[in-house]
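Reproduced below: my_file27.txt, with compact mmCIF, C-alpha atoms.
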```txt
# COMPACT_ATOMS: atom_id res chain seq x y z
CA MET A 1 0.00 0.00 0.00
CA LYS A 2 1.21 3.51 -0.77
CA ILE A 3 1.02 5.86 2.23
CA VAL A 4 1.87 9.55 2.24
CA CYS A 5 2.58 10.88 5.73
CA ILE A 6 2.27 14.62 6.34
CA ALA A 7 3.78 16.20 9.46
CA ALA A 8 4.53 19.78 10.47
CA SER A 9 7.59 18.72 12.49
CA PHE A 10 11.01 19.93 11.45
CA ILE A 11 13.39 17.10 10.60
CA PRO A 12 15.96 16.65 11.91
CA ALA A 13 15.16 18.13 15.32
CA ASN A 14 15.43 17.14 18.96
CA THR A 15 11.76 17.68 19.80
CA ALA A 16 9.52 14.84 20.92
CA ASN A 17 7.05 15.42 18.08
CA SER A 18 9.85 15.12 15.52
CA ILE A 19 10.98 11.80 17.00
CA GLN A 20 7.42 10.50 17.27
CA VAL A 21 6.67 11.31 13.62
CA ILE A 22 9.79 9.50 12.42
CA LYS A 23 9.15 6.45 14.61
CA ALA A 24 5.52 6.15 13.52
CA SER A 25 6.44 6.56 9.84
CA GLN A 26 9.21 3.99 10.16
CA ALA A 27 6.76 1.52 11.68
CA LEU A 28 4.43 1.86 8.69
CA ALA A 29 7.38 1.14 6.40
CA ALA A 30 8.35 -1.86 8.55
CA LEU A 31 4.93 -3.36 7.79
CA GLY A 32 5.90 -3.40 4.11
CA HIS A 33 4.07 -0.28 2.98
CA GLN A 34 5.56 2.25 0.58
CA VAL A 35 5.89 5.36 2.77
CA LEU A 36 6.66 8.94 1.78
CA LEU A 37 6.96 11.49 4.60
CA LEU A 38 6.36 15.16 3.73
CA VAL A 39 7.72 17.75 6.16
CA PRO A 40 8.39 21.51 6.03
CA GLY A 41 11.85 22.82 5.17
CA GLU A 42 14.28 23.37 2.35
CA GLU A 43 17.52 21.60 3.29
CA GLU A 44 17.52 17.86 2.85
CA THR A 45 19.44 15.76 5.36
CA GLY A 46 21.36 12.62 4.46
CA TRP A 47 20.10 9.21 5.50
CA ASP A 48 23.16 8.34 7.60
CA GLU A 49 22.68 11.43 9.75
CA LEU A 50 18.97 10.75 10.18
CA GLN A 51 19.61 7.11 11.01
CA ASP A 52 21.92 7.99 13.91
CA HIS A 53 19.90 10.95 15.11
CA TYR A 54 16.64 8.99 15.34
CA GLY A 55 17.93 5.44 15.82
CA LEU A 56 16.23 4.24 12.63
CA ARG A 57 16.21 0.68 11.31
CA GLU A 58 13.85 0.98 8.33
CA ARG A 59 14.53 3.54 5.62
CA VAL A 60 11.86 6.23 5.28
CA ASP A 61 11.60 8.34 2.13
CA ILE A 62 11.42 11.97 3.27
CA ARG A 63 10.65 15.00 1.13
CA TRP A 64 11.06 18.56 2.36
CA ILE A 65 8.53 21.18 1.20
CA PRO A 66 9.37 24.90 1.46
CA GLU A 67 6.71 26.84 3.33
CA ASN A 68 5.73 30.47 3.72
CA LEU A 69 5.66 31.01 7.48
CA THR A 70 3.50 34.10 7.03
CA PHE A 71 0.56 31.75 6.58
CA ARG A 72 1.69 29.48 9.42
CA ARG A 73 0.66 25.86 8.84
CA TYR A 74 -1.84 26.48 6.07
CA ASP A 75 0.69 27.12 3.32
CA PHE A 76 2.50 23.89 4.12
CA ALA A 77 -0.74 21.91 4.41
CA ILE A 78 -1.95 23.05 0.98
CA LYS A 79 1.39 22.26 -0.69
CA ALA A 80 1.75 18.92 1.09
CA VAL A 81 -1.75 17.71 0.19
CA ARG A 82 -1.23 18.82 -3.40
CA GLU A 83 1.96 16.73 -3.50
CA ALA A 84 0.22 13.83 -1.81
CA ASP A 85 -2.54 13.90 -4.41
CA ARG A 86 0.08 13.71 -7.17
CA GLN A 87 1.40 10.52 -5.58
CA GLN A 88 -2.03 8.84 -5.86
CA PRO A 89 -1.74 7.22 -2.43
CA ASP A 90 -3.99 4.66 -0.86
CA LEU A 91 -3.86 6.63 2.39
CA VAL A 92 -2.82 9.99 3.80
CA TYR A 93 -1.55 9.62 7.37
CA THR A 94 -1.14 12.99 9.02
CA TRP A 95 -0.60 14.84 12.28
CA VAL A 96 -1.80 18.11 10.71
CA LEU A 97 -5.53 18.82 11.03
CA GLN A 98 -5.51 21.22 8.09
CA ALA A 99 -3.90 18.60 5.87
CA GLY A 100 -6.36 15.96 7.01
CA VAL A 101 -9.35 18.07 6.02
CA LEU A 102 -7.85 19.11 2.68
CA ALA A 103 -6.99 15.49 1.84
CA LEU A 104 -10.55 14.37 2.63
CA TRP A 105 -11.89 17.10 0.36
CA ARG A 106 -9.70 15.59 -2.40
CA LYS A 107 -11.34 12.20 -1.68
CA LEU A 108 -8.18 10.71 -0.17
CA PRO A 109 -8.69 8.36 2.82
CA VAL A 110 -7.13 9.84 5.95
CA VAL A 111 -5.79 8.71 9.30
CA LEU A 112 -5.40 11.79 11.51
CA GLU A 113 -3.26 11.49 14.64
CA LEU A 114 -3.78 14.03 17.42
CA HIS A 115 -1.84 14.38 20.67
CA ASP A 116 -3.57 17.45 22.08
CA ARG A 117 -6.87 19.22 22.32
CA VAL A 118 -8.25 21.03 19.28
CA THR A 119 -7.91 24.75 20.00
CA GLY A 120 -7.43 28.10 18.29
CA ARG A 121 -9.68 30.22 16.17
CA MET A 122 -9.96 27.78 13.25
CA GLY A 123 -9.20 24.46 14.95
CA PRO A 124 -12.72 23.56 16.11
CA TRP A 125 -14.22 24.56 12.75
CA LEU A 126 -11.70 22.41 10.88
CA PHE A 127 -12.25 19.48 13.23
CA LYS A 128 -15.98 19.61 12.53
CA ARG A 129 -15.26 19.68 8.78
CA PHE A 130 -13.09 16.60 9.26
CA TRP A 131 -16.02 14.65 10.68
CA ALA A 132 -18.47 16.07 8.14
CA ALA A 133 -16.44 14.75 5.19
CA LYS A 134 -17.85 11.62 3.56
CA THR A 135 -14.47 10.17 2.61
CA GLN A 136 -13.15 7.32 4.72
CA LYS A 137 -11.29 8.52 7.81
CA ARG A 138 -9.99 7.55 11.22
CA LEU A 139 -8.77 9.51 14.22
CA LEU A 140 -5.96 8.30 16.48
CA THR A 141 -5.38 9.68 19.96
CA ASN A 142 -2.39 8.63 22.03
CA THR A 143 -4.37 8.38 25.29
CA ALA A 144 -7.86 7.38 26.33
CA ALA A 145 -8.05 10.63 28.28
CA LEU A 146 -7.65 12.71 25.12
CA ARG A 147 -10.19 10.58 23.28
CA GLU A 148 -12.75 11.18 26.01
CA ILE A 149 -12.10 14.93 25.96
CA LEU A 150 -12.55 15.15 22.18
CA VAL A 151 -15.67 12.99 22.19
CA SER A 152 -17.20 15.12 24.94
CA GLU A 153 -16.23 18.53 23.55
CA PHE A 154 -17.32 17.78 19.97
CA ASP A 155 -20.21 15.37 20.66
CA LEU A 156 -18.55 12.53 18.73
CA GLN A 157 -20.38 9.59 20.28
CA ASP A 158 -21.70 8.61 16.83
CA PHE A 159 -18.12 8.43 15.50
CA ALA A 160 -16.74 6.26 18.31
CA SER A 161 -15.86 3.41 15.93
CA GLN A 162 -13.65 5.78 13.92
CA ILE A 163 -11.55 6.85 16.91
CA ARG A 164 -8.72 4.58 18.01
CA ILE A 165 -6.40 4.90 21.01
CA ALA A 166 -2.76 4.46 19.98
CA PRO A 167 -0.27 5.06 22.80
CA ASN A 168 3.28 5.90 21.80
CA GLY A 169 5.74 3.05 21.47
CA VAL A 170 9.30 1.81 21.48
CA ASP A 171 11.72 0.05 19.13
CA LEU A 172 11.99 -3.08 21.25
CA GLU A 173 14.75 -4.53 19.08
CA ARG A 174 17.10 -1.76 20.21
CA TYR A 175 16.65 -2.82 23.84
CA GLN A 176 17.67 -6.44 23.41
CA ASP A 177 20.56 -7.78 25.51
CA LEU A 178 21.28 -4.56 27.38
CA PRO A 179 24.23 -4.67 29.79
CA THR A 180 23.87 -4.46 33.55
CA PRO A 181 23.77 -0.94 34.99
CA ALA A 182 27.39 -1.24 36.17
CA ASP A 183 28.59 -2.49 32.77
CA ALA A 184 26.67 0.24 30.93
CA ARG A 185 28.20 2.89 33.18
CA GLU A 186 31.66 1.49 32.55
CA ALA A 187 31.09 1.52 28.77
CA LEU A 188 29.97 5.16 28.92
CA GLY A 189 32.66 6.30 31.36
CA LEU A 190 30.09 7.25 34.01
CA PRO A 191 30.62 7.18 37.78
CA GLN A 192 29.78 3.89 39.45
CA GLY A 193 27.26 3.49 42.24
CA PHE A 194 23.46 3.31 42.49
CA THR A 195 22.20 5.63 39.73
CA ALA A 196 18.87 7.37 39.18
CA GLY A 197 18.47 8.29 35.51
CA TYR A 198 16.35 10.74 33.58
CA THR A 199 16.21 11.10 29.78
CA GLY A 200 14.40 13.78 27.83
CA HIS A 201 13.84 17.51 27.69
CA PHE A 202 14.10 19.92 30.60
CA TYR A 203 10.86 21.78 29.82
CA THR A 204 8.72 23.29 32.55
CA GLY A 205 6.84 20.63 34.46
CA ARG A 206 9.39 17.82 33.95
CA GLY A 207 10.48 17.85 37.61
CA MET A 208 14.01 19.15 37.12
CA ASN A 209 14.02 21.12 40.39
CA LEU A 210 12.78 18.11 42.33
CA MET A 211 15.51 15.89 40.88
CA PHE A 212 18.14 18.52 41.64
CA GLU A 213 17.00 18.74 45.24
CA MET A 214 17.07 14.96 45.50
CA ALA A 215 20.66 14.99 44.26
CA ARG A 216 21.53 17.55 46.93
CA ALA A 217 19.84 15.51 49.65
CA LEU A 218 21.15 12.09 48.59
CA PRO A 219 24.88 12.42 47.88
CA ALA A 220 25.31 8.63 47.95
CA VAL A 221 23.07 8.30 44.86
CA GLN A 222 24.37 9.18 41.39
CA PHE A 223 22.01 11.19 39.19
CA LEU A 224 22.23 11.00 35.39
CA TRP A 225 20.39 13.51 33.20
CA VAL A 226 20.47 12.73 29.48
CA GLY A 227 19.09 15.37 27.12
CA GLY A 228 18.11 19.01 27.36
CA GLU A 229 19.01 21.92 25.10
CA ALA A 230 22.53 23.31 25.42
CA PRO A 231 21.60 26.53 27.31
CA GLU A 232 19.56 24.56 29.86
CA VAL A 233 22.34 22.03 30.35
CA THR A 234 24.82 24.84 30.97
CA THR A 235 22.49 26.48 33.50
CA TRP A 236 22.09 23.28 35.51
CA ARG A 237 25.79 22.45 35.36
CA ASN A 238 26.59 25.91 36.72
CA ARG A 239 24.01 25.52 39.45
CA ALA A 240 25.44 22.14 40.45
CA ARG A 241 28.94 23.59 40.54
CA GLU A 242 27.86 26.59 42.63
CA GLN A 243 26.08 24.37 45.16
CA ASN A 244 28.75 21.66 45.23
CA VAL A 245 26.43 18.97 43.89
CA GLU A 246 29.00 16.45 42.69
CA ASN A 247 26.71 13.46 42.13
CA LEU A 248 24.91 14.89 39.07
CA VAL A 249 26.06 14.15 35.51
CA LEU A 250 24.48 16.04 32.60
CA THR A 251 25.34 14.62 29.18
CA GLY A 252 23.40 17.04 27.00
CA PHE A 253 21.63 15.73 23.91
CA VAL A 254 22.64 12.29 22.69
CA ASP A 255 21.52 10.65 19.46
CA ASN A 256 18.49 8.42 19.83
CA ALA A 257 20.59 5.49 18.64
CA GLN A 258 22.66 5.74 21.85
CA LEU A 259 19.75 6.26 24.23
CA PRO A 260 19.16 2.62 25.26
CA LEU A 261 22.70 2.31 26.62
CA TYR A 262 22.31 5.47 28.71
CA GLN A 263 18.97 4.26 30.07
CA ALA A 264 20.57 0.90 30.85
CA ALA A 265 23.19 2.74 32.95
CA ALA A 266 20.49 3.63 35.51
CA ASP A 267 19.36 1.41 38.37
CA VAL A 268 16.11 3.40 38.53
CA LEU A 269 14.54 5.61 35.86
CA LEU A 270 12.69 8.78 36.87
CA MET A 271 9.50 10.42 35.54
CA PRO A 272 8.90 13.27 38.03
CA TYR A 273 6.17 15.07 36.07
CA GLU A 274 4.44 17.99 37.75
CA THR A 275 0.74 18.84 37.60
CA GLN A 276 1.48 21.28 34.76
CA ILE A 277 3.57 19.83 31.90
CA ALA A 278 4.75 22.04 29.06
CA GLY A 279 5.94 20.81 25.67
CA SER A 280 8.19 22.45 23.11
CA GLY A 281 5.34 24.84 22.26
CA GLY A 282 4.18 25.40 25.83
CA GLY A 283 0.67 24.38 26.91
CA ASN A 284 -0.20 21.77 29.53
CA SER A 285 -0.43 18.05 28.79
CA ALA A 286 -0.52 16.70 32.35
CA ASP A 287 -3.93 15.06 31.88
CA ILE A 288 -3.41 13.66 28.35
CA ALA A 289 0.33 12.91 28.03
CA SER A 290 1.79 9.74 26.55
CA PRO A 291 5.54 10.37 27.05
CA MET A 292 7.81 8.31 24.81
CA LYS A 293 10.32 7.96 27.64
CA MET A 294 7.76 5.87 29.53
CA PHE A 295 7.86 3.15 26.87
CA GLU A 296 11.64 3.35 26.56
CA TYR A 297 11.96 3.02 30.33
CA LEU A 298 9.78 -0.10 30.23
CA ALA A 299 11.91 -1.61 27.46
CA ALA A 300 15.11 -0.84 29.38
CA GLY A 301 13.92 -3.23 32.09
CA ARG A 302 14.60 -0.89 34.98
CA PRO A 303 12.25 0.05 37.84
CA ILE A 304 10.38 3.27 37.13
CA LEU A 305 9.73 5.94 39.73
CA SER A 306 6.88 8.07 38.40
CA SER A 307 4.58 10.88 39.43
CA GLU A 308 1.09 9.82 40.39
CA LEU A 309 -0.89 11.20 37.44
CA PRO A 310 -4.12 9.51 36.27
CA VAL A 311 -3.11 9.39 32.60
CA ILE A 312 0.13 7.58 33.42
CA HIS A 313 -1.96 4.70 34.78
CA GLU A 314 -3.17 3.97 31.26
CA VAL A 315 0.22 2.25 30.85
CA LEU A 316 1.92 1.91 34.25
CA ASP A 317 0.64 0.23 37.40
CA ASP A 318 1.98 -0.96 40.74
CA THR A 319 3.53 -4.07 39.18
CA ASN A 320 5.95 -2.20 36.90
CA ALA A 321 6.42 1.18 38.61
CA VAL A 322 6.48 3.02 41.93
CA PHE A 323 4.39 6.17 42.25
CA CYS A 324 4.86 9.37 44.24
CA PRO A 325 2.79 12.55 44.53
CA PRO A 326 4.02 15.21 42.10
CA GLN A 327 6.51 17.67 43.61
CA ASP A 328 6.55 15.93 47.02
CA LEU A 329 10.30 15.92 47.64
CA ALA A 330 10.16 13.90 50.87
CA ALA A 331 8.06 11.17 49.25
CA TRP A 332 10.39 10.95 46.25
CA GLN A 333 13.49 10.72 48.42
CA LEU A 334 11.93 8.01 50.56
CA ALA A 335 10.80 6.00 47.51
CA LEU A 336 14.21 6.26 45.83
CA GLN A 337 16.01 5.19 48.99
CA GLY A 338 13.58 2.30 49.35
CA LEU A 339 14.44 1.04 45.88
CA ARG A 340 18.15 1.46 46.50
CA ASP A 341 17.87 -0.65 49.64
CA ASP A 342 15.78 -3.41 48.03
CA PRO A 343 17.62 -4.93 45.02
CA GLY A 344 15.14 -7.79 44.85
CA ARG A 345 12.23 -5.44 44.36
CA CYS A 346 14.18 -3.51 41.73
CA GLN A 347 14.80 -6.70 39.78
CA GLN A 348 11.14 -7.71 39.95
CA LEU A 349 9.89 -4.30 38.84
CA GLY A 350 12.42 -4.22 36.01
CA ARG A 351 11.50 -7.71 34.82
CA ILE A 352 7.79 -6.90 34.71
CA ALA A 353 8.50 -3.54 33.05
CA ARG A 354 10.43 -5.25 30.25
CA HIS A 355 7.58 -7.70 29.74
CA SER A 356 5.06 -4.83 29.67
CA ALA A 357 7.03 -3.12 26.88
CA GLU A 358 6.18 -5.95 24.51
CA ASN A 359 2.66 -4.52 24.27
CA TYR A 360 3.90 -1.16 23.02
CA THR A 361 6.12 -1.62 19.98
CA TRP A 362 5.89 0.95 17.20
CA ARG A 363 5.15 -1.86 14.76
CA ALA A 364 2.20 -3.14 16.81
CA ARG A 365 0.99 0.43 17.07
CA ALA A 366 1.07 0.84 13.28
CA GLU A 367 -0.85 -2.40 12.82
CA LYS A 368 -3.51 -1.20 15.23
CA ALA A 369 -3.71 2.19 13.51
CA LEU A 370 -4.57 0.56 10.17
CA GLU A 371 -6.51 -2.48 11.38
CA GLY A 372 -9.91 -2.77 9.73
CA PHE A 373 -9.39 0.38 7.66
CA TYR A 374 -10.43 -0.29 4.05
CA PHE A 375 -9.00 1.82 1.28
CA THR A 376 -10.76 3.04 -1.82
CA THR A 377 -8.12 4.82 -3.92
CA GLY A 378 -4.68 4.14 -5.33
CA GLN A 379 -3.50 0.59 -6.03
```
Structure rendered as structure tokens:
Amino acid sequence: MKIVCIAASFIPANTANSIQVIKASQALAALGHQVLLLVPGEEETGWDELQDHYGLRERVDIRWIPENLTFRRYDFAIKAVREADRQQPDLVYTWVLQAGVLALWRKLPVVLELHDRVTGRMGPWLFKRFWAAKTQKRLLTNTAALREILVSEFDLQDFASQIRIAPNGVDLERYQDLPTPADAREALGLPQGFTAGYTGHFYTGRGMNLMFEMARALPAVQFLWVGGEAPEVTTWRNRAREQNVENLVLTGFVDNAQLPLYQAAADVLLMPYETQIAGSGGGNSADIASPMKMFEYLAAGRPILSSELPVIHEVLDDTNAVFCPPQDLAAWQLALQGLRDDPGRCQQLGRIARHSAENYTWRARAEKALEGFYFTTGQ
């Protein structure tokens, strides 16, 4: 089947949406489909660079389309759908609401993937046009919480069969035969000792202050932060130096291909989300988030220490994670110390986490996204 994917993410980039788009597109290609990904931009990037940056296994054909930023996303959506139509695809798979509506108007079947509420001046109007179109369509949300919000806000009970829940996923193959935490630390040149790891961005609401205070309070525990933009990394390094926090290592951004080894270097992996979680564009996703790190943490086979947020329980439970109230420093310190002092429990949590990850591969996600969807154009 020929699939044209349309995403507004810049590629390459370090943002979560950029990584998610690439991983989802790669999974469609892994199923044997002919996939073309259309993204905004003018400078093409070589495959070798993309492969390392995103940790890719399947080749994805990517085409960059220049856009006029004066018209924000609309200029790109129009150009991308026009190009998609020229390709005569069986399906348009998109993360861009505008592109989804335009493709339906051109009688192209559409799978639209949304990770946030529909807002803005034109968003609700476009979303209603999406459902009013007669062409075959499907909506994917990455959490049940978001699905319920959209169904309630837009009175979509009659379209329930066309809305699928598709949590984010993980490339499980890249997490096979990981070394022990001590061996991973040795391979990476990291300090030895019980290590609490965090991977991802340092955006507001990710619990960076809480983790820093834990590092100050627990000098016998090593803390490993992997990711963050360069200015943020510099700020935290300076703060650690000024306050004599010597048990905190900040690596800065590492290519996705190297991420499993860094996650394997931790004895415990941290998800200290706050009650307000910002993304690269701001906003608050605390009640609808499906963080990719959660699935990577599961695959790494390490115990997870997570904030107690209702949406997190769509994936994690007491068998594969330990939960603490958001921003409760005392509770987090106590829970981390408890895991450090109970290796048997750590091993059990990690073993169950690794088993849980088998339900969340990108490939399985792609199969679910297309399951039962019958196509009417193209080949």
Quick one, how far is CA of Ala7 in chain A from CA of Asp287 in chain A? 23.7 Å
Selected residue, from A:Leu190, A:Leu224, A:Ile22, A:Ala84, that lies nearest to Val60 in chain A when counting all atoms listed in the file: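 The closest residue to Val60 in chain A is A:Ile22.
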Counting only C-alpha atoms, the residue of A:Val118, A:Val268, A:Leu329, A:Ala196 that sits nearest Asn209 in chain A: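 Selected residue with least distance to Asn209 in chain A: A:Leu329.
Among the candidates A:Pro191, A:Gly338, A:Gly197, A:Pro12, the residue lying nearest to Pro260 in chain A is A:Gly197 (atoms considered: all atoms listed in the file).
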Report, as AutoDock Vina command-line options, the axis-aligned box around all atoms of range 313-329 of chain A present in the file, extended by 3 Å on each side; give centre and edge lengths in Å to one decimal place.
```
--center_x 3.6 --center_y 6.8 --center_z 39.2 --size_x 19.5 --size_y 27.7 --size_z 22.8
```
Report, in Å with one decimal, the straight-line distance from CA of Leu218 in chain A to CA of Gln333 in chain A.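 Atom-to-atom, CA of Leu218 in chain A and CA of Gln333 in chain A are spaced 7.8 Å apart.
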Contacts of Arg340 in chain A at 9 Å or less, counting all atoms listed in the file, minus same-chain residues fewer than 2 places along, as a PyMOL selection string? chain A and resi 194-195+221+267-268+335-338+342-343+346
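Distance annotation: of A:Met1, A:Met214, A:Met292, A:Val170, the residue with the minimal separation from Thr15 in chain A is A:Met292; atom set is only C-alpha atoms.
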Identify the residues within 8 Å of coordinate (-0.6, 10.9, 4.9) (same frame as the file), considering all atoms listed in the file, and give the answer as a list in words.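 Residues lying no farther than 8 Å from the given point: Ile3, Val4, Cys5, Ile6, Leu37, Ala84, Leu91, Val92, Tyr93, Thr94, Gly100, Val110 and Val111 of chain A.
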Determine the nearest neighbour of Thr199 in chain A from the options A:Phe323, A:Phe130, A:Trp362, A:Phe223, counting all atoms listed in the file.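 Closest residue, counting all atoms listed in the file: A:Phe223.
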Could you check which of A:Arg206, A:Arg63, A:Lys134, A:Arg216 is closest to Pro291 in chain A, using all atoms listed in the file?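 Answer, going by the shortest atom-to-atom distance: A:Arg206.
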Mind pulling up the distance from CA of Leu261 in chain A to CA of Asp48 in chain A? 20.0 Å
Quick one: residues within 7 Å of Ile288 in chain A, all atoms listed in the file, excluding same-chain residues fewer than 2 positions away - as a list in words?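 Answer for this query is Thr143, Ala145, Leu146, Ser285, Ala286, Ser290 and Val311 of chain A.
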Please return, as a ChimeraX atom specification, all polymer residues that have at least one atom within 12 Å of the point (5.1, 17.1, 4.9); use all atoms listed in the file and the file's own coordinate frame. /A:4-11,18,21-22,25,35-42,61-67,73-84,92-96,98-100
